[in-house]
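**Student:** Dropping in my_file_21.cif, which is mmCIF, C-alpha atoms:
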data_structure
loop_
_atom_site.label_atom_id
_atom_site.label_comp_id
_atom_site.auth_asym_id
_atom_site.auth_seq_id
_atom_site.Cartn_x
_atom_site.Cartn_y
_atom_site.Cartn_z
CA MET A 1 0.00 0.00 0.00
CA SER A 2 1.43 3.36 -1.06
CA LEU A 3 1.78 6.38 1.20
CA ARG A 4 -1.03 8.13 -0.64
CA GLN A 5 -3.38 5.19 -0.09
CA ARG A 6 -2.46 5.04 3.58
CA LEU A 7 -3.16 8.74 4.02
CA ALA A 8 -6.48 8.38 2.22
CA GLN A 9 -7.38 5.45 4.46
CA LEU A 10 -6.40 7.42 7.57
CA ALA A 11 -8.45 10.43 6.41
CA GLY A 12 -11.46 8.20 5.79
CA SER A 13 -11.11 6.69 9.23
CA LEU A 14 -10.87 10.10 10.93
CA GLN A 15 -13.97 11.26 9.07
CA GLU A 16 -16.17 8.38 10.30
CA PRO A 17 -19.25 9.60 12.20
CA GLN A 18 -19.00 6.53 14.45
CA LYS A 19 -15.92 8.05 16.07
CA VAL A 20 -17.84 11.24 16.82
CA ALA A 21 -20.73 9.22 18.28
CA ARG A 22 -18.27 7.20 20.38
CA PHE A 23 -16.76 10.38 21.79
CA GLN A 24 -20.24 11.69 22.59
CA ARG A 25 -21.14 8.49 24.45
CA LEU A 26 -17.84 8.66 26.32
CA CYS A 27 -18.82 12.18 27.46
CA GLY A 28 -22.33 11.09 28.49
CA VAL A 29 -24.40 12.06 25.43
CA GLU A 30 -26.73 9.47 23.94
CA ALA A 31 -29.72 9.53 21.63
CA PRO A 32 -33.05 8.40 23.14
CA ALA A 33 -33.77 4.70 22.71
CA SER A 34 -36.81 5.45 20.54
CA ARG A 35 -34.69 7.39 18.05
CA THR A 36 -32.15 4.60 17.83
CA ALA A 37 -34.90 2.07 17.28
CA THR A 38 -36.54 4.25 14.62
CA ALA A 39 -33.25 4.66 12.80
CA THR A 40 -32.60 0.93 12.66
CA ALA A 41 -36.11 -0.48 12.37
CA ASP A 42 -36.92 0.28 8.75
CA PRO A 43 -34.22 1.94 6.66
CA ARG A 44 -36.62 2.12 3.73
CA GLU A 45 -38.45 4.94 5.52
CA ASP A 46 -35.30 7.05 5.30
CA GLU A 47 -35.04 6.32 1.60
CA LYS A 48 -38.63 7.46 1.08
CA ALA A 49 -37.95 10.62 3.04
CA GLU A 50 -34.85 11.35 1.00
CA ALA A 51 -36.50 11.10 -2.40
CA PRO A 52 -38.24 14.52 -2.55
CA LEU A 53 -34.97 16.36 -1.95
CA ALA A 54 -32.59 14.09 -3.82
CA GLY A 55 -31.71 16.80 -6.32
CA ASP A 56 -30.50 19.30 -3.74
CA CYS A 57 -26.92 18.83 -2.57
CA ARG A 58 -27.68 20.72 0.64
CA ARG A 59 -31.04 19.14 1.50
CA ARG A 60 -31.14 15.51 0.47
CA GLU A 61 -32.91 14.16 3.54
CA LEU A 62 -35.85 15.03 5.77
CA GLN A 63 -36.00 14.95 9.50
CA LEU A 64 -38.47 12.94 11.45
CA GLY A 65 -41.07 15.09 13.21
CA ALA A 66 -40.56 15.95 16.85
CA SER A 67 -43.34 15.47 19.34
CA GLY A 68 -44.13 17.29 22.56
CA GLY A 69 -42.91 16.43 26.00
CA PRO A 70 -39.69 17.12 27.82
CA THR A 71 -36.90 17.96 25.46
CA PRO A 72 -33.20 18.17 26.05
CA PRO A 73 -30.35 20.39 25.04
CA GLY A 74 -30.11 21.91 21.68
CA SER A 75 -29.58 25.38 20.60
CA ASP A 76 -31.11 27.94 18.31
CA ARG A 77 -28.65 27.34 15.50
CA ASN A 78 -29.18 27.19 11.79
CA LEU A 79 -30.75 24.55 9.55
CA CYS A 80 -32.87 24.91 6.45
CA PRO A 81 -36.39 23.54 7.06
CA SER A 82 -38.20 21.63 4.36
CA LYS A 83 -41.62 21.41 5.96
CA PRO A 84 -43.41 22.97 8.93
CA GLY A 85 -42.94 20.04 11.28
CA GLY A 86 -39.29 19.38 10.68
CA GLY A 87 -36.25 20.59 8.78
CA GLY A 88 -34.33 19.35 5.84
CA ALA A 89 -30.87 18.12 6.58
CA PRO A 90 -28.42 20.25 4.64
CA ASN A 91 -25.26 18.89 3.05
CA GLY A 92 -26.74 15.40 2.91
CA VAL A 93 -26.48 14.69 6.65
CA ARG A 94 -29.06 12.77 8.62
CA ASN A 95 -30.37 15.11 11.26
CA GLY A 96 -33.40 13.07 12.28
CA LEU A 97 -35.39 14.30 15.26
CA ALA A 98 -36.67 11.60 17.56
CA THR A 99 -40.43 11.07 17.50
CA GLU A 100 -40.59 10.61 21.23
CA LEU A 101 -38.35 10.88 24.22
CA GLY A 102 -38.52 7.28 25.39
CA PRO A 103 -37.68 6.21 28.94
CA ALA A 104 -36.88 9.23 31.07
CA SER A 105 -33.27 9.70 32.01
CA PRO A 106 -32.45 10.40 35.67
CA ARG A 107 -31.04 13.72 34.52
CA ARG A 108 -32.86 15.25 31.59
CA ALA A 109 -31.72 18.13 29.43
CA GLY A 110 -33.63 21.38 29.03
CA ALA A 111 -36.08 22.36 26.31
CA LEU A 112 -35.10 22.54 22.68
CA ARG A 113 -34.81 26.02 21.25
CA ARG A 114 -35.96 26.93 17.76
CA ASN A 115 -33.63 28.71 15.39
CA SER A 116 -34.93 32.19 14.60
CA LEU A 117 -33.57 32.18 11.03
CA THR A 118 -34.51 28.70 9.79
CA GLY A 119 -37.00 27.43 12.38
CA GLU A 120 -35.05 24.22 12.98
CA GLU A 121 -34.39 22.65 16.36
CA GLY A 122 -31.63 20.60 17.89
CA GLN A 123 -32.09 16.91 18.55
CA LEU A 124 -33.37 15.09 21.59
CA ALA A 125 -30.63 13.55 23.70
CA HIS A 126 -29.90 12.11 27.12
CA VAL A 127 -27.07 13.96 28.88
CA SER A 128 -25.64 12.19 31.91
CA ASN A 129 -22.51 14.31 32.44
CA TRP A 130 -23.71 17.88 32.94
CA PRO A 131 -20.36 19.48 33.90
CA LEU A 132 -18.94 18.37 30.55
CA TYR A 133 -22.07 19.55 28.75
CA TYR A 134 -21.77 23.09 30.12
CA LEU A 135 -17.99 23.11 29.66
CA PHE A 136 -18.31 22.24 25.97
CA CYS A 137 -21.21 24.68 25.53
CA PHE A 138 -18.83 27.35 26.78
CA GLY A 139 -16.12 26.05 24.46
CA THR A 140 -18.34 26.22 21.40
CA GLU A 141 -19.44 29.77 22.31
CA LEU A 142 -15.79 30.83 22.01
CA GLY A 143 -16.34 30.62 18.27
CA ASN A 144 -19.75 32.32 18.06
CA GLU A 145 -20.91 35.89 17.51
CA LEU A 146 -21.67 36.60 21.17
CA PHE A 147 -18.05 35.93 22.11
CA TYR A 148 -16.61 38.00 19.27
CA ILE A 149 -18.87 40.98 19.94
CA LEU A 150 -17.63 41.04 23.55
CA PHE A 151 -14.03 39.93 23.11
CA PHE A 152 -12.71 42.33 20.44
CA PRO A 153 -14.33 45.50 21.89
CA PHE A 154 -12.99 44.58 25.33
CA TRP A 155 -9.46 44.48 23.94
CA ILE A 156 -9.86 47.72 22.02
CA TRP A 157 -11.58 49.71 24.78
CA ASN A 158 -9.92 48.36 27.92
CA LEU A 159 -6.68 46.49 27.24
CA ASP A 160 -4.66 47.40 24.15
CA ALA A 161 -6.18 48.87 20.99
CA LEU A 162 -3.19 47.87 18.87
CA VAL A 163 -3.42 44.22 19.86
CA GLY A 164 -7.20 44.30 19.44
CA ARG A 165 -6.99 45.69 15.90
CA ARG A 166 -4.39 43.18 14.81
CA LEU A 167 -6.32 40.32 16.34
CA VAL A 168 -9.27 41.38 14.17
CA VAL A 169 -7.07 41.43 11.04
CA ILE A 170 -5.92 37.86 11.74
CA TRP A 171 -9.43 36.69 12.63
CA VAL A 172 -10.95 38.10 9.43
CA LEU A 173 -8.25 36.50 7.28
CA VAL A 174 -8.47 33.08 8.96
CA MET A 175 -12.26 32.95 9.02
CA TYR A 176 -12.66 34.15 5.42
CA LEU A 177 -10.26 31.55 4.08
CA GLY A 178 -11.89 28.87 6.21
CA GLN A 179 -15.43 29.70 5.05
CA CYS A 180 -14.42 29.81 1.38
CA THR A 181 -12.51 26.54 1.68
CA LYS A 182 -15.63 24.87 3.09
CA ASP A 183 -17.63 25.85 0.03
CA ILE A 184 -14.88 24.61 -2.29
CA ILE A 185 -14.26 21.21 -0.64
CA ARG A 186 -17.97 20.62 0.19
CA LEU A 187 -17.67 17.77 2.68
CA PRO A 188 -20.89 17.02 4.61
CA ARG A 189 -21.35 17.21 8.36
CA PRO A 190 -21.14 13.95 10.36
CA ALA A 191 -24.19 11.78 9.64
CA SER A 192 -26.96 11.61 12.21
CA PRO A 193 -27.59 8.90 13.27
CA PRO A 194 -25.24 7.76 14.74
CA VAL A 195 -24.19 11.29 15.74
CA VAL A 196 -26.43 13.33 18.06
CA LYS A 197 -26.71 16.95 16.91
CA LEU A 198 -26.76 19.04 20.09
CA GLU A 199 -26.26 22.21 18.05
CA VAL A 200 -27.68 23.08 14.65
CA PHE A 201 -26.68 26.71 14.10
CA TYR A 202 -24.05 25.97 11.45
CA ASN A 203 -25.50 22.70 10.20
CA SER A 204 -26.47 24.16 6.81
CA GLU A 205 -22.78 24.78 6.12
CA TYR A 206 -20.25 22.27 4.89
CA SER A 207 -17.90 20.67 7.33
CA MET A 208 -14.21 20.88 6.41
CA PRO A 209 -12.31 22.70 7.75
CA SER A 210 -13.82 23.52 11.13
CA THR A 211 -13.83 27.31 11.36
CA HIS A 212 -14.43 27.02 15.12
CA ALA A 213 -11.16 25.06 15.32
CA MET A 214 -9.49 27.68 13.14
CA SER A 215 -10.69 30.55 15.30
CA GLY A 216 -9.90 28.62 18.49
CA THR A 217 -6.35 28.13 17.22
CA ALA A 218 -5.70 31.53 15.66
CA ILE A 219 -6.92 33.76 18.50
CA PRO A 220 -4.89 32.37 21.44
CA ILE A 221 -1.73 31.91 19.36
CA SER A 222 -2.04 35.44 17.97
CA MET A 223 -2.66 36.85 21.45
CA ILE A 224 0.64 35.42 22.62
CA LEU A 225 2.53 36.49 19.49
CA LEU A 226 1.16 40.05 19.76
CA THR A 227 1.54 40.55 23.52
CA TYR A 228 4.69 38.68 24.52
CA GLY A 229 7.49 41.22 24.74
CA ARG A 230 4.92 44.03 24.61
CA TRP A 231 3.46 43.08 27.98
CA GLN A 232 5.26 41.77 31.05
CA TYR A 233 4.17 38.21 31.87
CA PRO A 234 5.83 34.78 32.06
CA LEU A 235 5.78 32.91 28.76
CA ILE A 236 4.55 29.79 30.55
CA TYR A 237 1.15 31.46 30.95
CA GLY A 238 0.82 31.68 27.19
CA LEU A 239 2.04 28.13 26.70
CA ILE A 240 -0.72 26.96 29.05
CA LEU A 241 -3.42 29.19 27.55
CA VAL A 242 -2.95 28.12 23.91
CA PRO A 243 -3.46 24.33 24.27
CA CYS A 244 -6.27 24.76 26.83
CA TRP A 245 -8.23 27.23 24.67
CA CYS A 246 -7.60 25.36 21.44
CA SER A 247 -8.46 21.93 22.89
CA LEU A 248 -11.65 23.18 24.52
CA VAL A 249 -12.99 24.71 21.30
CA CYS A 250 -11.96 21.77 19.12
CA LEU A 251 -13.34 19.06 21.40
CA SER A 252 -16.57 21.02 21.87
CA ARG A 253 -17.29 20.76 18.13
CA ILE A 254 -16.97 16.98 18.22
CA TYR A 255 -19.07 16.85 21.39
CA MET A 256 -21.82 18.92 19.75
CA GLY A 257 -21.85 16.52 16.79
CA MET A 258 -20.92 19.23 14.30
CA HIS A 259 -17.50 18.05 13.11
CA SER A 260 -15.50 14.90 12.53
CA ILE A 261 -11.99 14.45 13.89
CA LEU A 262 -10.65 15.07 10.38
CA ASP A 263 -12.41 18.46 10.20
CA ILE A 264 -10.80 19.53 13.47
CA ILE A 265 -7.30 18.44 12.48
CA ALA A 266 -7.65 20.11 9.08
CA GLY A 267 -8.81 23.35 10.70
CA PHE A 268 -5.91 23.35 13.15
CA LEU A 269 -3.24 22.66 10.53
CA TYR A 270 -4.78 25.11 8.05
CA THR A 271 -4.63 27.87 10.67
CA ILE A 272 -0.98 27.16 11.46
CA LEU A 273 -0.22 27.44 7.72
CA ILE A 274 -2.14 30.73 7.39
CA LEU A 275 -0.40 32.24 10.42
CA ALA A 276 3.02 31.13 9.18
CA ILE A 277 2.44 32.85 5.82
CA PHE A 278 0.48 35.98 6.75
CA TYR A 279 1.43 36.89 10.34
CA PRO A 280 4.59 38.78 9.25
CA PHE A 281 2.34 41.13 7.23
CA VAL A 282 -0.13 41.95 10.03
CA GLU A 283 1.81 44.99 11.26
CA LEU A 284 2.09 46.30 7.70
CA ILE A 285 -1.68 45.88 7.15
CA ASP A 286 -2.54 47.61 10.44
CA ASN A 287 -0.24 50.55 9.70
CA PHE A 288 -1.71 50.87 6.21
CA ASN A 289 -5.25 50.90 7.60
CA GLN A 290 -4.40 53.71 9.97
CA THR A 291 -2.15 55.95 7.94
CA HIS A 292 -2.75 55.62 4.20
CA LYS A 293 -4.70 58.48 2.66
CA TYR A 294 -7.03 56.25 0.66
CA ALA A 295 -7.20 53.37 3.16
CA PRO A 296 -11.00 53.58 3.80
CA LEU A 297 -11.84 53.35 0.09
CA ILE A 298 -9.44 50.44 -0.47
CA ILE A 299 -10.64 48.63 2.66
CA ILE A 300 -14.34 48.92 1.74
CA GLY A 301 -13.78 47.96 -1.89
CA LEU A 302 -11.53 44.99 -1.11
CA HIS A 303 -13.78 43.51 1.57
CA LEU A 304 -16.86 43.98 -0.60
CA ALA A 305 -15.17 42.26 -3.56
CA LEU A 306 -14.15 39.34 -1.34
CA GLY A 307 -17.73 39.06 -0.11
CA ILE A 308 -19.17 38.98 -3.62
CA PHE A 309 -16.64 36.32 -4.62
CA SER A 310 -17.51 34.11 -1.64
CA PHE A 311 -21.23 34.33 -2.48
CA THR A 312 -20.55 32.80 -5.89
CA LEU A 313 -18.95 29.63 -4.49
CA ASP A 314 -22.15 27.79 -3.62
CA THR A 315 -25.89 28.02 -3.04
CA TRP A 316 -27.41 29.62 0.05
CA SER A 317 -26.27 28.60 3.51
CA THR A 318 -25.48 30.38 6.76
CA SER A 319 -21.85 30.34 5.61
CA ARG A 320 -22.50 33.15 3.12
CA GLY A 321 -24.10 35.41 5.70
CA ASP A 322 -21.35 34.68 8.22
CA THR A 323 -18.70 35.52 5.63
CA ALA A 324 -20.35 38.86 4.84
CA GLU A 325 -20.64 39.54 8.58
CA ILE A 326 -16.94 38.81 9.14
CA LEU A 327 -15.85 40.97 6.20
CA GLY A 328 -18.18 43.80 7.20
CA SER A 329 -16.91 43.76 10.78
CA GLY A 330 -13.30 43.76 9.61
CA ALA A 331 -13.89 46.62 7.17
CA GLY A 332 -15.75 48.68 9.77
CA ILE A 333 -13.09 48.20 12.44
CA ALA A 334 -10.30 49.02 9.99
CA CYS A 335 -12.04 52.19 8.72
CA GLY A 336 -12.89 53.24 12.28
CA SER A 337 -9.26 52.82 13.34
CA HIS A 338 -8.20 55.07 10.43
CA PHE A 339 -10.40 57.97 11.58
CA THR A 340 -9.58 57.35 15.23
CA TYR A 341 -5.88 57.61 14.43
CA LYS A 342 -6.39 60.79 12.42
CA MET A 343 -8.29 62.39 15.33
CA GLY A 344 -5.94 61.07 18.01
CA LEU A 345 -8.69 59.42 20.08
CA ILE A 346 -6.73 56.23 20.83
CA LEU A 347 -2.97 56.51 20.83
CA ASP A 348 -0.86 53.35 20.90
CA PRO A 349 1.94 53.40 23.51
CA PRO A 350 5.30 54.37 21.98
CA LEU A 351 7.69 51.47 21.42
CA ASP A 352 10.43 52.99 23.61
CA ILE A 353 8.43 52.42 26.82
CA LEU A 354 7.63 48.78 26.09
CA PRO A 355 7.23 46.19 27.50
CA LEU A 356 4.12 47.48 29.20
CA ALA A 357 3.74 46.96 32.91
CA ARG A 358 0.20 46.29 34.05
CA PRO A 359 -1.18 49.45 35.73
CA PRO A 360 -2.25 49.06 39.36
CA ILE A 361 -5.89 48.02 39.62
CA SER A 362 -7.97 50.62 41.41
CA VAL A 363 -11.66 51.18 41.97
CA THR A 364 -11.61 54.07 39.47
CA LEU A 365 -9.86 52.01 36.80
CA PHE A 366 -12.20 49.07 37.30
CA GLY A 367 -15.28 51.30 37.34
CA LYS A 368 -14.31 53.02 34.09
CA ALA A 369 -13.72 49.64 32.42
CA ILE A 370 -17.17 48.42 33.46
CA LEU A 371 -18.76 51.66 32.28
CA ARG A 372 -17.02 51.41 28.91
CA ILE A 373 -18.26 47.86 28.42
CA LEU A 374 -21.84 48.62 29.46
CA ILE A 375 -22.19 51.86 27.49
CA GLY A 376 -20.31 50.47 24.51
CA MET A 377 -22.36 47.25 24.32
CA VAL A 378 -25.64 49.16 24.52
CA PHE A 379 -24.43 51.41 21.70
CA VAL A 380 -23.37 48.39 19.61
CA LEU A 381 -26.70 46.62 20.05
CA VAL A 382 -28.65 49.76 19.17
CA VAL A 383 -26.56 50.24 16.02
CA ARG A 384 -26.94 46.59 15.00
CA ASP A 385 -30.70 46.47 15.49
CA THR A 386 -31.25 49.85 13.81
CA MET A 387 -29.17 48.94 10.77
CA LYS A 388 -30.90 45.57 10.48
CA LYS A 389 -34.32 47.20 10.40
CA ILE A 390 -33.15 49.64 7.74
CA THR A 391 -31.02 47.48 5.44
CA ILE A 392 -33.25 44.41 4.93
CA PRO A 393 -36.40 46.29 3.76
CA LEU A 394 -34.25 48.72 1.76
CA ALA A 395 -32.40 45.91 -0.04
CA CYS A 396 -35.70 44.13 -0.75
CA LYS A 397 -37.13 47.34 -2.21
CA VAL A 398 -34.08 48.15 -4.32
CA PHE A 399 -33.82 44.63 -5.79
CA ASN A 400 -37.59 44.04 -5.97
CA ILE A 401 -37.56 41.03 -3.63
CA PRO A 402 -40.66 40.20 -1.52
CA CYS A 403 -40.04 41.17 2.10
CA SER A 404 -43.07 39.51 3.70
CA ASP A 405 -40.96 36.47 4.68
CA ILE A 406 -37.63 37.70 6.06
CA ARG A 407 -36.15 34.18 6.12
CA LYS A 408 -36.71 33.67 2.40
CA ALA A 409 -35.66 37.21 1.55
CA ARG A 410 -32.33 36.74 3.29
CA GLN A 411 -31.57 33.72 1.13
CA HIS A 412 -31.05 36.09 -1.79
CA MET A 413 -27.51 37.41 -2.19
CA GLU A 414 -28.93 40.85 -3.03
CA VAL A 415 -30.41 41.05 0.48
CA GLU A 416 -28.03 39.03 2.66
CA LEU A 417 -24.78 40.57 1.44
CA PRO A 418 -25.71 44.27 1.88
CA TYR A 419 -27.61 43.56 5.11
CA ARG A 420 -24.72 41.76 6.79
CA TYR A 421 -21.96 43.86 5.28
CA ILE A 422 -23.50 47.27 6.04
CA THR A 423 -24.90 46.31 9.45
CA TYR A 424 -21.72 44.77 10.81
CA GLY A 425 -19.60 47.33 9.03
CA MET A 426 -21.36 49.99 11.09
CA VAL A 427 -20.93 47.86 14.22
CA GLY A 428 -17.19 47.65 13.56
CA PHE A 429 -16.96 51.37 12.79
CA SER A 430 -18.77 52.12 16.04
CA ILE A 431 -16.36 49.92 18.03
CA THR A 432 -13.23 51.72 16.84
CA PHE A 433 -14.48 55.26 16.19
CA LEU A 434 -17.96 56.32 17.37
CA ILE A 435 -17.80 54.66 20.78
CA PRO A 436 -14.21 55.81 21.62
CA TYR A 437 -15.33 59.32 20.63
CA LEU A 438 -18.28 58.96 23.02
CA PHE A 439 -15.93 57.78 25.77
CA PHE A 440 -13.71 60.80 25.15
CA PHE A 441 -16.71 63.13 25.24
CA ILE A 442 -18.03 61.85 28.60
CA GLY A 443 -14.57 61.53 30.15
CA ILE A 444 -14.10 57.76 30.55
CA SER A 445 -11.59 57.14 27.75
#
How does the structure come out when it is put into structure tokens?
**Tutor:**
Amino acid sequence: MSLRQRLAQLAGSLQEPQKVARFQRLCGVEAPASRTATATADPREDEKAEAPLAGDCRRRELQLGASGGPTPPGSDRNLCPSKPGGGGAPNGVRNGLATELGPASPRRAGALRRNSLTGEEGQLAHVSNWPLYYLFCFGTELGNELFYILFFPFWIWNLDALVGRRLVVIWVLVMYLGQCTKDIIRLPRPASPPVVKLEVFYNSEYSMPSTHAMSGTAIPISMILLTYGRWQYPLIYGLILVPCWCSLVCLSRIYMGMHSILDIIAGFLYTILILAIFYPFVELIDNFNQTHKYAPLIIIGLHLALGIFSFTLDTWSTSRGDTAEILGSGAGIACGSHFTYKMGLILDPPLDILPLARPPISVTLFGKAILRILIGMVFVLVVRDTMKKITIPLACKVFNIPCSDIRKARQHMEVELPYRYITYGMVGFSITFLIPYLFFFIGIS
């Protein structure tokens, strides 16, 4: 057997959904007995369910309807529904919902939550190890919007604006390449059954590479690269943080049933390659964004062109909207940093006084940090909701798309791209310009 054949065999083995299901069982996650019995009792039923959607590469199978009663953990994450009672399984994966709960577990999970965009729900499951469940829920949130919208502003407003900006540059690059690669490779999510889908937010996307794994690798490594030597702390702290953060995020994706082991490894290695090639240029990019005369025009045009290109790679999925959101955020933050620099609102510490010693923590310092977070987050949420209410109807009107059903309207590139790009562009611009200006005005900068 040649090396190429051995590698192909190893890749096939690492992609097996049985390994994901085995890890879930090891961590105390199991499908209800009724679902297992339904899946194995009459496979012809699955074939009948698949037939109506056989022509769609993203929705080849239907889910079994879910009944009432106690329902365990899931989350309000994305899937594309095919009928009112249940959703179609995108990318050809089997995301069957159990028809009944079966024998009650001694410790039952909470109620399923419906996804606001697609109306799909997570699957029923028995969870016997709750500490691991909440640990991995936290781990998977380290790659979701809520984390990003708190993490990057916290760095920019309270810790170090330079590090925060450059973290955003790296994050945008890594996530954009990861999302586009998914739509080029087009590998499906792990099949269910045997896998239990505890999360369905990104289930309409393809699987390889795991962008959660990429983000969970890029952010902690970049934090250490950007801060070590600039801040005073023992390197061992960074060497502990990186594997802990990365492992938690990566394992959480397997636990949630969203990725195979191969997806995780590919995401990790892909990120290392991207950082090795592009990290030396991060300082140059950040300086260009701040100082070049025509930086805002170039930033907006480049990010918009990248967004349009990514929308041509495949049919609708949450991946396209996420890509536009990432590019819009990056463009807004970069443009905001340009105007902030020109007005002198946030000045980076001069290099001759580095490394930076941590200032003594006082009640005043702590109080100002809390105020900045509270005021800034309220401002961000107001901007996001306002822009959403403006951009979706406006895009529908401009491109003559019916706006009565927002879910269907957002599946058009003409609506989703401007909505996400403009909305999160304004959010990013607010984070690095409008909100720091507000802090300066009220005296808490």
**Student:** Once you count all atoms listed in the file, which residues end up no further than 10 Å from (-4.6, 55.0, 12.8) in the file's frame, shown as a short mmCIF file (atom, residue, chain, number, x, y, z; two decimals) with C-alpha atoms, keeping the file's coordinate frame?
**Tutor:**
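To be explicit, this is the file written out as out_36.cif:
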data_model
loop_
_atom_site.label_atom_id
_atom_site.label_comp_id
_atom_site.auth_asym_id
_atom_site.auth_seq_id
_atom_site.Cartn_x
_atom_site.Cartn_y
_atom_site.Cartn_z
CA LEU A 162 -3.19 47.87 18.87
CA ASP A 286 -2.54 47.61 10.44
CA ASN A 287 -0.24 50.55 9.70
CA PHE A 288 -1.71 50.87 6.21
CA ASN A 289 -5.25 50.90 7.60
CA GLN A 290 -4.40 53.71 9.97
CA THR A 291 -2.15 55.95 7.94
CA HIS A 292 -2.75 55.62 4.20
CA ALA A 334 -10.30 49.02 9.99
CA CYS A 335 -12.04 52.19 8.72
CA GLY A 336 -12.89 53.24 12.28
CA SER A 337 -9.26 52.82 13.34
CA HIS A 338 -8.20 55.07 10.43
CA PHE A 339 -10.40 57.97 11.58
CA THR A 340 -9.58 57.35 15.23
CA TYR A 341 -5.88 57.61 14.43
CA LYS A 342 -6.39 60.79 12.42
CA MET A 343 -8.29 62.39 15.33
CA GLY A 344 -5.94 61.07 18.01
CA LEU A 345 -8.69 59.42 20.08
CA ILE A 346 -6.73 56.23 20.83
CA LEU A 347 -2.97 56.51 20.83
CA ASP A 348 -0.86 53.35 20.90
#
**Student:** Written as a VMD selection string, what is the full residue list that the PyMOL selection byres ((chain A and resi 310) around 10) yields on the file shown?
**Tutor:** chain A and resid 176 to 177 179 to 181 183 to 184 304 to 309 311 to 314 319 to 321 323 to 324
**Student:** Measuring atom to atom with only C-alpha atoms, identify which of A:Gln411, A:Ser210, A:Ser204, A:Ser128 is nearest to Thr140 (chain A).
**Tutor:**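 Answer, going by the shortest atom-to-atom distance: A:Ser210.
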**Student:** Just give me the gap between CA of Pro209 (chain A) and CA of Arg253 (chain A) in Å, one decimal is fine.
**Tutor:** 11.7 Å
**Student:** Between A:Ser362, A:Thr211, A:Ser430, A:Gln5, which is the closest to Gly330 (chain A) once you count all atoms listed in the file?
**Tutor:** A:Ser430
**Student:** Name the residues that the PyMOL selection byres ((chain A and resi 231-248) around 9) pulls out of this structure, and write them as a PDB file with C-alpha atoms, in the frame of the given file.
**Tutor:**
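Final output, selection.pdb:
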ATOM      1  CA  LEU A 135     -17.990  23.110  29.660  1.00  0.00           C
ATOM      2  CA  PHE A 136     -18.310  22.240  25.970  1.00  0.00           C
ATOM      3  CA  PHE A 138     -18.830  27.350  26.780  1.00  0.00           C
ATOM      4  CA  GLY A 139     -16.120  26.050  24.460  1.00  0.00           C
ATOM      5  CA  THR A 140     -18.340  26.220  21.400  1.00  0.00           C
ATOM      6  CA  LEU A 142     -15.790  30.830  22.010  1.00  0.00           C
ATOM      7  CA  ALA A 213     -11.160  25.060  15.320  1.00  0.00           C
ATOM      8  CA  MET A 214      -9.490  27.680  13.140  1.00  0.00           C
ATOM      9  CA  SER A 215     -10.690  30.550  15.300  1.00  0.00           C
ATOM     10  CA  GLY A 216      -9.900  28.620  18.490  1.00  0.00           C
ATOM     11  CA  THR A 217      -6.350  28.130  17.220  1.00  0.00           C
ATOM     12  CA  ALA A 218      -5.700  31.530  15.660  1.00  0.00           C
ATOM     13  CA  ILE A 219      -6.920  33.760  18.500  1.00  0.00           C
ATOM     14  CA  PRO A 220      -4.890  32.370  21.440  1.00  0.00           C
ATOM     15  CA  ILE A 221      -1.730  31.910  19.360  1.00  0.00           C
ATOM     16  CA  MET A 223      -2.660  36.850  21.450  1.00  0.00           C
ATOM     17  CA  ILE A 224       0.640  35.420  22.620  1.00  0.00           C
ATOM     18  CA  THR A 227       1.540  40.550  23.520  1.00  0.00           C
ATOM     19  CA  TYR A 228       4.690  38.680  24.520  1.00  0.00           C
ATOM     20  CA  GLY A 229       7.490  41.220  24.740  1.00  0.00           C
ATOM     21  CA  ARG A 230       4.920  44.030  24.610  1.00  0.00           C
ATOM     22  CA  VAL A 249     -12.990  24.710  21.300  1.00  0.00           C
ATOM     23  CA  CYS A 250     -11.960  21.770  19.120  1.00  0.00           C
ATOM     24  CA  LEU A 251     -13.340  19.060  21.400  1.00  0.00           C
ATOM     25  CA  SER A 252     -16.570  21.020  21.870  1.00  0.00           C
ATOM     26  CA  ARG A 253     -17.290  20.760  18.130  1.00  0.00           C
ATOM     27  CA  PHE A 268      -5.910  23.350  13.150  1.00  0.00           C
ATOM     28  CA  LEU A 354       7.630  48.780  26.090  1.00  0.00           C
ATOM     29  CA  PRO A 355       7.230  46.190  27.500  1.00  0.00           C
ATOM     30  CA  LEU A 356       4.120  47.480  29.200  1.00  0.00           C
ATOM     31  CA  ALA A 357       3.740  46.960  32.910  1.00  0.00           C
ATOM     32  CA  ARG A 358       0.200  46.290  34.050  1.00  0.00           C
TER      33      ARG A 358
END
**Student:** Which of these, A:Ile156, A:Ala266, A:Val282, A:Val29, has the shortest distance to Val195 (chain A) once you count all atoms listed in the file?
**Tutor:** A:Val29
